[in-house]
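Raw entry35.pdb, PDB, C-alpha atoms:
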ATOM      1  CA  MET A 478     100.485  81.495 159.295
ATOM      2  CA  ARG A 479     100.569  77.757 160.000
ATOM      3  CA  GLN A 480      96.978  77.458 158.923
ATOM      4  CA  ALA A 481      97.714  79.175 155.631
ATOM      5  CA  GLY A 482     100.594  76.792 155.037
ATOM      6  CA  THR A 483      98.404  73.733 155.462
ATOM      7  CA  TYR A 484      95.630  75.256 153.371
ATOM      8  CA  SER A 485      97.821  76.384 150.516
ATOM      9  CA  SER A 486      99.888  73.238 150.366
ATOM     10  CA  MET A 487      96.755  71.129 150.373
ATOM     11  CA  LEU A 488      95.213  73.021 147.492
ATOM     12  CA  ALA A 489      98.430  73.257 145.504
ATOM     13  CA  GLY A 490      98.948  69.539 145.945
ATOM     14  CA  GLY A 491     102.452  70.149 147.210
ATOM     15  CA  MET A 492     104.535  72.040 149.725
ATOM     16  CA  SER A 493     105.172  75.168 147.655
ATOM     17  CA  GLY A 494     103.749  77.398 150.392
ATOM     18  CA  ARG A 495     101.863  79.453 147.812
ATOM     19  CA  THR A 496      98.125  79.481 147.466
ATOM     20  CA  GLY A 497      96.768  77.349 144.629
ATOM     21  CA  PRO A 498      95.558  78.899 141.379
ATOM     22  CA  HIS A 499      91.883  78.832 142.363
ATOM     23  CA  SER A 500      92.089  79.410 146.076
ATOM     24  CA  LEU A 501      90.147  82.396 147.326
ATOM     25  CA  PRO A 502      91.615  84.725 149.961
ATOM     26  CA  LEU A 503      90.612  83.467 153.397
ATOM     27  CA  ALA A 504      90.696  86.903 155.023
ATOM     28  CA  ARG A 505      88.264  88.249 152.446
ATOM     29  CA  ILE A 506      85.916  85.318 152.951
ATOM     30  CA  LYS A 507      86.036  85.806 156.703
ATOM     31  CA  ARG A 508      85.219  89.498 156.279
ATOM     32  CA  ILE A 509      82.183  88.723 154.131
ATOM     33  CA  MET A 510      81.040  86.151 156.684
ATOM     34  CA  LYS A 511      81.248  88.730 159.478
ATOM     35  CA  GLN A 512      79.401  91.302 157.383
ATOM     36  CA  SER A 513      76.526  88.890 156.720
ATOM     37  CA  SER A 514      74.990  89.694 160.071
ATOM     38  CA  GLU A 515      75.795  91.759 163.171
ATOM     39  CA  GLU A 516      75.101  88.603 165.140
ATOM     40  CA  VAL A 517      78.062  86.791 163.601
ATOM     41  CA  LYS A 518      80.744  87.227 166.219
ATOM     42  CA  MET A 519      83.369  84.524 166.010
ATOM     43  CA  ILE A 520      84.283  82.246 163.167
ATOM     44  CA  SER A 521      86.348  79.090 163.306
ATOM     45  CA  GLY A 522      89.561  79.286 161.282
ATOM     46  CA  GLU A 523      88.434  76.270 159.292
ATOM     47  CA  ALA A 524      85.141  77.776 158.128
ATOM     48  CA  PRO A 525      86.651  80.109 155.463
ATOM     49  CA  ILE A 526      88.591  77.153 154.087
ATOM     50  CA  ILE A 527      85.368  75.262 153.505
ATOM     51  CA  PHE A 528      83.861  78.335 151.891
ATOM     52  CA  SER A 529      86.833  78.750 149.580
ATOM     53  CA  LYS A 530      86.081  75.396 147.975
ATOM     54  CA  ALA A 531      82.311  75.873 148.215
ATOM     55  CA  CYS A 532      82.554  79.182 146.353
ATOM     56  CA  GLU A 533      84.517  77.480 143.602
ATOM     57  CA  LEU A 534      81.783  74.868 143.248
ATOM     58  CA  PHE A 535      79.123  77.559 143.360
ATOM     59  CA  ILE A 536      80.697  79.766 140.686
ATOM     60  CA  GLU A 537      81.352  76.733 138.500
ATOM     61  CA  GLU A 538      77.684  75.801 138.667
ATOM     62  CA  LEU A 539      76.515  79.359 138.062
ATOM     63  CA  ALA A 540      78.894  79.725 135.103
ATOM     64  CA  ARG A 541      77.824  76.413 133.545
ATOM     65  CA  ARG A 542      74.166  77.348 133.719
ATOM     66  CA  ALA A 543      74.822  80.847 132.435
ATOM     67  CA  TRP A 544      76.862  79.412 129.575
ATOM     68  CA  ALA A 545      73.952  77.159 128.639
ATOM     69  CA  ALA A 546      71.825  80.311 128.376
ATOM     70  CA  ALA A 547      74.467  81.967 126.165
ATOM     71  CA  LEU A 548      74.515  78.946 123.857
ATOM     72  CA  ARG A 549      70.722  79.048 123.599
ATOM     73  CA  GLY A 550      71.177  82.648 122.452
ATOM     74  CA  LYS A 551      73.789  81.409 119.964
ATOM     75  CA  ARG A 552      76.531  83.489 121.553
ATOM     76  CA  ARG A 553      80.053  82.725 122.739
ATOM     77  CA  THR A 554      80.141  85.754 125.004
ATOM     78  CA  LEU A 555      78.640  85.302 128.427
ATOM     79  CA  LEU A 556      76.462  88.291 129.251
ATOM     80  CA  ARG A 557      74.934  89.519 132.489
ATOM     81  CA  GLU A 558      71.519  88.441 131.182
ATOM     82  CA  ASP A 559      72.822  84.864 130.923
ATOM     83  CA  VAL A 560      73.744  84.901 134.604
ATOM     84  CA  ALA A 561      70.302  86.359 135.347
ATOM     85  CA  ALA A 562      68.670  83.599 133.285
ATOM     86  CA  ALA A 563      70.633  80.933 135.143
ATOM     87  CA  ILE A 564      69.439  82.375 138.448
ATOM     88  CA  ALA A 565      65.825  82.637 137.273
ATOM     89  CA  ASN A 566      65.833  79.066 135.965
ATOM     90  CA  THR A 567      67.359  77.463 139.056
ATOM     91  CA  ASP A 568      65.324  77.119 142.234
ATOM     92  CA  LEU A 569      68.521  76.702 144.236
ATOM     93  CA  PHE A 570      69.534  80.226 143.215
ATOM     94  CA  ASP A 571      66.322  81.943 144.344
ATOM     95  CA  PHE A 572      68.291  83.762 147.041
ATOM     96  CA  LEU A 573      70.119  85.595 144.232
ATOM     97  CA  LEU A 574      67.012  86.999 142.533
ATOM     98  CA  HIS A 575      67.298  90.339 144.331
ATOM     99  CA  VAL A 576      70.935  90.628 143.250
ATOM    100  CA  VAL A 577      70.059  90.630 139.541
ATOM    101  CA  GLN A 578      66.760  92.463 139.901
ATOM    102  CA  ASN A 579      68.165  95.486 141.715
ATOM    103  CA  LYS A 580      70.377  96.559 138.800
TER
ATOM    104  CA  MET B 578      86.068  89.113 146.597
ATOM    105  CA  PRO B 579      88.851  89.656 144.050
ATOM    106  CA  ILE B 580      87.247  89.546 140.620
ATOM    107  CA  ALA B 581      90.311  87.870 139.123
ATOM    108  CA  ASN B 582      89.619  84.763 141.207
ATOM    109  CA  VAL B 583      85.991  84.704 140.078
ATOM    110  CA  ILE B 584      86.994  85.052 136.423
ATOM    111  CA  ARG B 585      89.554  82.267 136.714
ATOM    112  CA  ILE B 586      86.999  79.857 138.128
ATOM    113  CA  MET B 587      84.431  80.759 135.451
ATOM    114  CA  CYS B 588      86.932  80.324 132.621
ATOM    115  CA  CYS B 589      87.662  76.782 133.752
ATOM    116  CA  VAL B 590      84.132  75.622 132.998
ATOM    117  CA  LEU B 591      83.587  77.608 129.820
ATOM    118  CA  SER B 592      84.811  76.628 126.374
ATOM    119  CA  ALA B 593      88.234  77.839 125.255
ATOM    120  CA  HIS B 594      86.741  80.408 122.897
ATOM    121  CA  ALA B 595      84.250  81.806 125.370
ATOM    122  CA  LYS B 596      84.360  85.421 126.455
ATOM    123  CA  ILE B 597      82.805  86.962 129.523
ATOM    124  CA  ALA B 598      81.311  90.451 129.496
ATOM    125  CA  ASP B 599      82.503  92.760 132.273
ATOM    126  CA  ASP B 600      79.058  93.100 133.815
ATOM    127  CA  ALA B 601      78.691  89.302 133.835
ATOM    128  CA  LYS B 602      81.949  89.073 135.805
ATOM    129  CA  GLU B 603      80.769  91.730 138.253
ATOM    130  CA  ILE B 604      77.377  90.173 138.850
ATOM    131  CA  SER B 605      79.011  86.767 139.389
ATOM    132  CA  GLN B 606      81.321  88.335 141.954
ATOM    133  CA  GLU B 607      78.308  89.809 143.761
ATOM    134  CA  CYS B 608      76.564  86.445 143.651
ATOM    135  CA  MET B 609      79.530  84.806 145.307
ATOM    136  CA  SER B 610      79.487  87.311 148.172
ATOM    137  CA  GLU B 611      75.759  86.851 148.523
ATOM    138  CA  TYR B 612      76.224  83.081 148.651
ATOM    139  CA  ILE B 613      78.695  83.385 151.528
ATOM    140  CA  SER B 614      76.329  85.715 153.416
ATOM    141  CA  PHE B 615      73.312  83.491 152.764
ATOM    142  CA  ILE B 616      74.961  80.351 154.088
ATOM    143  CA  THR B 617      76.700  82.132 156.977
ATOM    144  CA  SER B 618      73.447  83.617 158.287
ATOM    145  CA  GLU B 619      71.865  80.172 158.465
ATOM    146  CA  ALA B 620      75.013  78.658 159.978
ATOM    147  CA  ASN B 621      75.122  81.398 162.597
ATOM    148  CA  GLU B 622      71.491  80.812 163.565
ATOM    149  CA  ARG B 623      72.266  77.152 164.145
ATOM    150  CA  CYS B 624      75.331  78.117 166.179
ATOM    151  CA  GLN B 625      73.249  80.417 168.375
ATOM    152  CA  ARG B 626      70.459  77.861 168.824
ATOM    153  CA  LYS B 627      73.068  75.481 170.160
ATOM    154  CA  LYS B 628      74.324  78.266 172.437
ATOM    155  CA  ARG B 629      77.780  78.306 170.951
ATOM    156  CA  LYS B 630      79.789  81.406 170.078
ATOM    157  CA  ILE B 631      81.979  80.205 167.237
ATOM    158  CA  VAL B 632      80.612  79.343 163.794
ATOM    159  CA  THR B 633      82.215  76.037 162.859
ATOM    160  CA  PRO B 634      82.660  74.246 159.520
ATOM    161  CA  GLU B 635      80.004  71.801 160.717
ATOM    162  CA  ASP B 636      77.548  74.699 161.066
ATOM    163  CA  VAL B 637      78.440  75.807 157.536
ATOM    164  CA  LEU B 638      77.987  72.298 156.104
ATOM    165  CA  TRP B 639      74.695  71.893 157.929
ATOM    166  CA  ALA B 640      73.473  75.210 156.512
ATOM    167  CA  MET B 641      74.510  74.246 152.979
ATOM    168  CA  ASN B 642      72.641  70.980 153.269
ATOM    169  CA  LYS B 643      69.540  72.693 154.625
ATOM    170  CA  LEU B 644      69.563  75.330 151.885
ATOM    171  CA  GLY B 645      69.813  72.778 149.081
ATOM    172  CA  PHE B 646      73.526  72.612 148.337
ATOM    173  CA  ASN B 647      73.608  68.886 149.116
ATOM    174  CA  ASP B 648      75.963  68.063 146.250
ATOM    175  CA  TYR B 649      78.687  70.152 147.848
ATOM    176  CA  ILE B 650      78.660  68.295 151.160
ATOM    177  CA  GLU B 651      80.723  65.284 150.155
ATOM    178  CA  PRO B 652      83.664  67.114 148.537
ATOM    179  CA  LEU B 653      83.692  69.699 151.318
ATOM    180  CA  THR B 654      83.634  67.060 154.023
ATOM    181  CA  LEU B 655      86.564  65.312 152.375
ATOM    182  CA  LEU B 656      88.418  68.613 152.199
ATOM    183  CA  LEU B 657      87.779  69.301 155.875
ATOM    184  CA  HIS B 658      88.954  65.852 156.923
ATOM    185  CA  ARG B 659      92.080  66.168 154.802
ATOM    186  CA  TYR B 660      92.806  69.623 156.205
ATOM    187  CA  ARG B 661      92.426  68.368 159.762
ATOM    188  CA  GLU B 662      94.680  65.396 159.103
ATOM    189  CA  LEU B 663      97.364  67.623 157.616
ATOM    190  CA  GLU B 664      97.017  70.165 160.392
ATOM    191  CA  GLY B 665      97.234  67.401 162.985
ATOM    192  CA  ASP B 666     100.402  66.020 161.380
ATOM    193  CA  HIS B 667     101.885  69.499 161.254
ATOM    194  CA  ARG B 668     101.123  70.198 164.893
ATOM    195  CA  SER B 669     102.443  66.867 166.105
ATOM    196  CA  SER B 670     105.663  67.365 164.168
ATOM    197  CA  ILE B 671     106.168  70.777 165.773
ATOM    198  CA  ARG B 672     105.461  69.590 169.291
ATOM    199  CA  SER B 673     107.484  66.403 169.069
ATOM    200  CA  GLU B 674     110.989  66.072 170.453
ATOM    201  CA  PRO B 675     113.603  66.000 167.677
ATOM    202  CA  LEU B 676     114.178  62.251 168.148
ATOM    203  CA  GLN B 677     110.475  61.499 167.706
ATOM    204  CA  LEU B 678     110.309  63.931 164.793
ATOM    205  CA  ILE B 679     112.930  61.936 162.900
ATOM    206  CA  LYS B 680     110.806  58.831 163.331
ATOM    207  CA  HIS B 681     107.698  60.560 161.940
ATOM    208  CA  CYS B 682     109.296  62.373 159.031
ATOM    209  CA  SER B 683     110.266  60.534 155.869
ATOM    210  CA  THR B 684     113.096  62.969 155.118
ATOM    211  CA  PRO B 685     114.912  65.551 157.274
ATOM    212  CA  ALA B 686     113.870  68.203 154.746
ATOM    213  CA  SER B 687     110.253  67.976 155.932
ATOM    214  CA  PHE B 688     111.108  69.281 159.384
ATOM    215  CA  HIS B 689     109.249  72.478 160.234
ATOM    216  CA  PRO B 690     110.963  74.514 162.972
TER
END
Can the structure in the file be given as C-alpha cells, please?
Amino acid sequence: MRQAGTYSSMLAGGMSGRTGPHSLPLARIKRIMKQSSEEVKMISGEAPIIFSKACELFIEELARRAWAAALRGKRRTLLREDVAAAIANTDLFDFLLHVVQNK
Amino acid sequence: MPIANVIRIMCCVLSAHAKIADDAKEISQECMSEYISFITSEANERCQRKKRKIVTPEDVLWAMNKLGFNDYIEPLTLLLHRYRELEGDHRSSIRSEPLQLIKHCSTPASFHP
C-alpha cells in the first residue's frame, strides 16, 4: 500500500493518492514478469515500477513508427499492418516478429 | 495488460485526428506483454548468474541496455532514484518520533500515520 502511494503520487506529480493517467497496473506487470519464465521466482517491488515507465516509452516508440507507416500509406487510421511494418523495419523490435507473424 | 492503458499511451503520440483500428490496439497490447517477458527473461538470467533470488530494477536496466533499449536507461534511472528518495522520506517520516517528524515536515498536513 505504501509503495503504491509513493508510486502514484510520483507519477501524478502530487499527493492525490490515485495512479496517474498513464500508469500501468503494477500487479499486472508483475504477473507478466512471473509468466515470462518458470525460473522467475521473486521480483523486487521496484522492478514493476521501472517497467511501467519503460512500457510507456516502448509503446510510444512503437506507435510513432507505426504512425509513420500509416502516413506513408496516406491513411489517418493506424492499422495492424502499420504496427507490423514498424516491427519489420526496426532491428530493435526483432523479438516481436513472431508476434505479428503468428496471426 | 489493460488495453485502455495501451490505447491512451498510443493516442498521446498520434495526431489529434488519428484513429486506431481494433486489431492494431490488440497487437500493440500483445507487443507490450512480449516486451516485458523479453526483458524479464534476460534480467532473470543475470540475477541467477549472480546467484541472487530476487530480480531487481538494476537487473532490468542491465537487460534493457544489453538488448538495445539504451535510450530508456537515463529516464528510468532518474525515475528509480526519485522513487527511492520519496520512499526513503516516507519511511523516515513514519519511523520518526513525532517531535522529529515536525522538524522534517513542512506542514502538519503532510504527516502520514
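Polymer residues near (67.4, 87.3, 136.1): counting all atoms listed in the file with a cut-off of 7 Å, they are Glu558, Val560, Ala561, Ala562, Ile564, Ala565, Leu574, Val577 and Gln578 of chain A.
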Q: Work out how far atom CA of B:Met578 is from atom CA of B:Asp636, in Å to one decimal.
A: 22.1 Å
Step by step: start from the point (81.0, 84.6, 121.8) in the file's coordinates, keep every protein, DNA or RNA residue that has an atom no farther than 10 Å from it, count only C-alpha atoms, and write the set as a PDB file with C-alpha atoms, in the frame of the given file.
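Wrote it out as part28.pdb, contents follow:
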ATOM      1  CA  ALA A 547      74.467  81.967 126.165  1.00  0.00           C
ATOM      2  CA  LEU A 548      74.515  78.946 123.857  1.00  0.00           C
ATOM      3  CA  LYS A 551      73.789  81.409 119.964  1.00  0.00           C
ATOM      4  CA  ARG A 552      76.531  83.489 121.553  1.00  0.00           C
ATOM      5  CA  ARG A 553      80.053  82.725 122.739  1.00  0.00           C
ATOM      6  CA  THR A 554      80.141  85.754 125.004  1.00  0.00           C
ATOM      7  CA  LEU A 555      78.640  85.302 128.427  1.00  0.00           C
ATOM      8  CA  LEU A 556      76.462  88.291 129.251  1.00  0.00           C
TER       9      LEU A 556
ATOM     10  CA  SER B 592      84.811  76.628 126.374  1.00  0.00           C
ATOM     11  CA  HIS B 594      86.741  80.408 122.897  1.00  0.00           C
ATOM     12  CA  ALA B 595      84.250  81.806 125.370  1.00  0.00           C
ATOM     13  CA  LYS B 596      84.360  85.421 126.455  1.00  0.00           C
ATOM     14  CA  ILE B 597      82.805  86.962 129.523  1.00  0.00           C
ATOM     15  CA  ALA B 598      81.311  90.451 129.496  1.00  0.00           C
TER      16      ALA B 598
END
Q. Taking only C-alpha atoms into account, what are the residues of chain B at most 8 Å from chain A, put as a ChimeraX atom specification?
A. /B:578,582-583,585-587,589-591,594-598,600-602,604-605,607-615,617-618,621,630-634,637,644-646,649,653,656-657,660,663-664,667
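Here atom CA of A:Ala546 is placed at a distance of 29.5 Å from atom CA of B:Leu638.
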Q. Atom CA of A:Ala563 to atom CA of B:Pro652: how many Å, to one decimal?
A. 23.2 Å
As a compact mmCIF listing (two decimals), in the coordinates of the input, could you write out stretch 613-637 of chain B once it has been completed with N, CA, C and O atoms?
# COMPACT_ATOMS: atom_id res chain seq x y z
N ILE B 613 78.01 83.50 150.23
CA ILE B 613 78.69 83.38 151.53
C ILE B 613 77.80 83.94 152.64
O ILE B 613 77.63 83.32 153.70
N SER B 614 77.20 85.10 152.40
CA SER B 614 76.33 85.72 153.42
C SER B 614 75.12 84.84 153.71
O SER B 614 74.73 84.66 154.87
N PHE B 615 74.52 84.32 152.66
CA PHE B 615 73.31 83.49 152.76
C PHE B 615 73.56 82.27 153.65
O PHE B 615 72.81 81.99 154.59
N ILE B 616 74.64 81.57 153.33
CA ILE B 616 74.96 80.35 154.09
C ILE B 616 75.37 80.71 155.52
O ILE B 616 74.98 80.04 156.48
N THR B 617 76.19 81.76 155.65
CA THR B 617 76.70 82.13 156.98
C THR B 617 75.57 82.51 157.93
O THR B 617 75.60 82.15 159.11
N SER B 618 74.58 83.23 157.43
CA SER B 618 73.45 83.62 158.29
C SER B 618 72.76 82.39 158.86
O SER B 618 72.45 82.33 160.06
N GLU B 619 72.52 81.40 158.02
CA GLU B 619 71.86 80.17 158.46
C GLU B 619 72.77 79.41 159.43
O GLU B 619 72.30 78.89 160.46
N ALA B 620 74.05 79.36 159.11
CA ALA B 620 75.01 78.66 159.98
C ALA B 620 75.09 79.34 161.35
O ALA B 620 75.16 78.67 162.38
N ASN B 621 75.05 80.65 161.34
CA ASN B 621 75.12 81.40 162.60
C ASN B 621 73.88 81.16 163.45
O ASN B 621 73.98 81.04 164.68
N GLU B 622 72.73 81.08 162.81
CA GLU B 622 71.49 80.81 163.56
C GLU B 622 71.58 79.47 164.26
O GLU B 622 71.18 79.31 165.42
N ARG B 623 72.12 78.49 163.55
CA ARG B 623 72.27 77.15 164.14
C ARG B 623 73.23 77.22 165.33
O ARG B 623 72.98 76.65 166.38
N CYS B 624 74.32 77.95 165.14
CA CYS B 624 75.33 78.12 166.18
C CYS B 624 74.70 78.73 167.43
O CYS B 624 74.93 78.26 168.54
N GLN B 625 73.88 79.74 167.25
CA GLN B 625 73.25 80.42 168.38
C GLN B 625 72.21 79.53 169.05
O GLN B 625 72.10 79.52 170.28
N ARG B 626 71.47 78.76 168.23
CA ARG B 626 70.46 77.86 168.82
C ARG B 626 71.13 76.86 169.75
O ARG B 626 70.59 76.47 170.76
N LYS B 627 72.33 76.44 169.35
CA LYS B 627 73.07 75.48 170.16
C LYS B 627 73.89 76.16 171.24
O LYS B 627 74.72 75.53 171.90
N LYS B 628 73.68 77.46 171.38
CA LYS B 628 74.32 78.27 172.44
C LYS B 628 75.84 78.20 172.36
O LYS B 628 76.53 78.15 173.38
N ARG B 629 76.34 78.22 171.15
CA ARG B 629 77.78 78.31 170.95
C ARG B 629 78.10 79.69 170.40
O ARG B 629 77.23 80.39 169.87
N LYS B 630 79.39 80.06 170.50
CA LYS B 630 79.79 81.41 170.08
C LYS B 630 80.57 81.41 168.76
O LYS B 630 80.70 82.44 168.12
N ILE B 631 81.10 80.24 168.41
CA ILE B 631 81.98 80.20 167.24
C ILE B 631 81.32 79.41 166.13
O ILE B 631 80.94 78.25 166.33
N VAL B 632 81.18 80.03 164.95
CA VAL B 632 80.61 79.34 163.79
C VAL B 632 81.65 78.35 163.27
O VAL B 632 82.78 78.73 162.93
N THR B 633 81.28 77.09 163.25
CA THR B 633 82.22 76.04 162.86
C THR B 633 81.96 75.57 161.42
O THR B 633 80.90 75.86 160.85
N PRO B 634 82.91 74.82 160.85
CA PRO B 634 82.66 74.25 159.52
C PRO B 634 81.43 73.34 159.52
O PRO B 634 80.72 73.26 158.52
N GLU B 635 81.18 72.67 160.65
CA GLU B 635 80.00 71.80 160.72
C GLU B 635 78.71 72.62 160.60
O GLU B 635 77.75 72.18 159.98
N ASP B 636 78.72 73.81 161.20
CA ASP B 636 77.55 74.70 161.07
C ASP B 636 77.36 75.08 159.60
O ASP B 636 76.25 75.13 159.09
N VAL B 637 78.48 75.39 158.94
CA VAL B 637 78.44 75.81 157.54
C VAL B 637 77.91 74.66 156.66
O VAL B 637 77.05 74.86 155.80
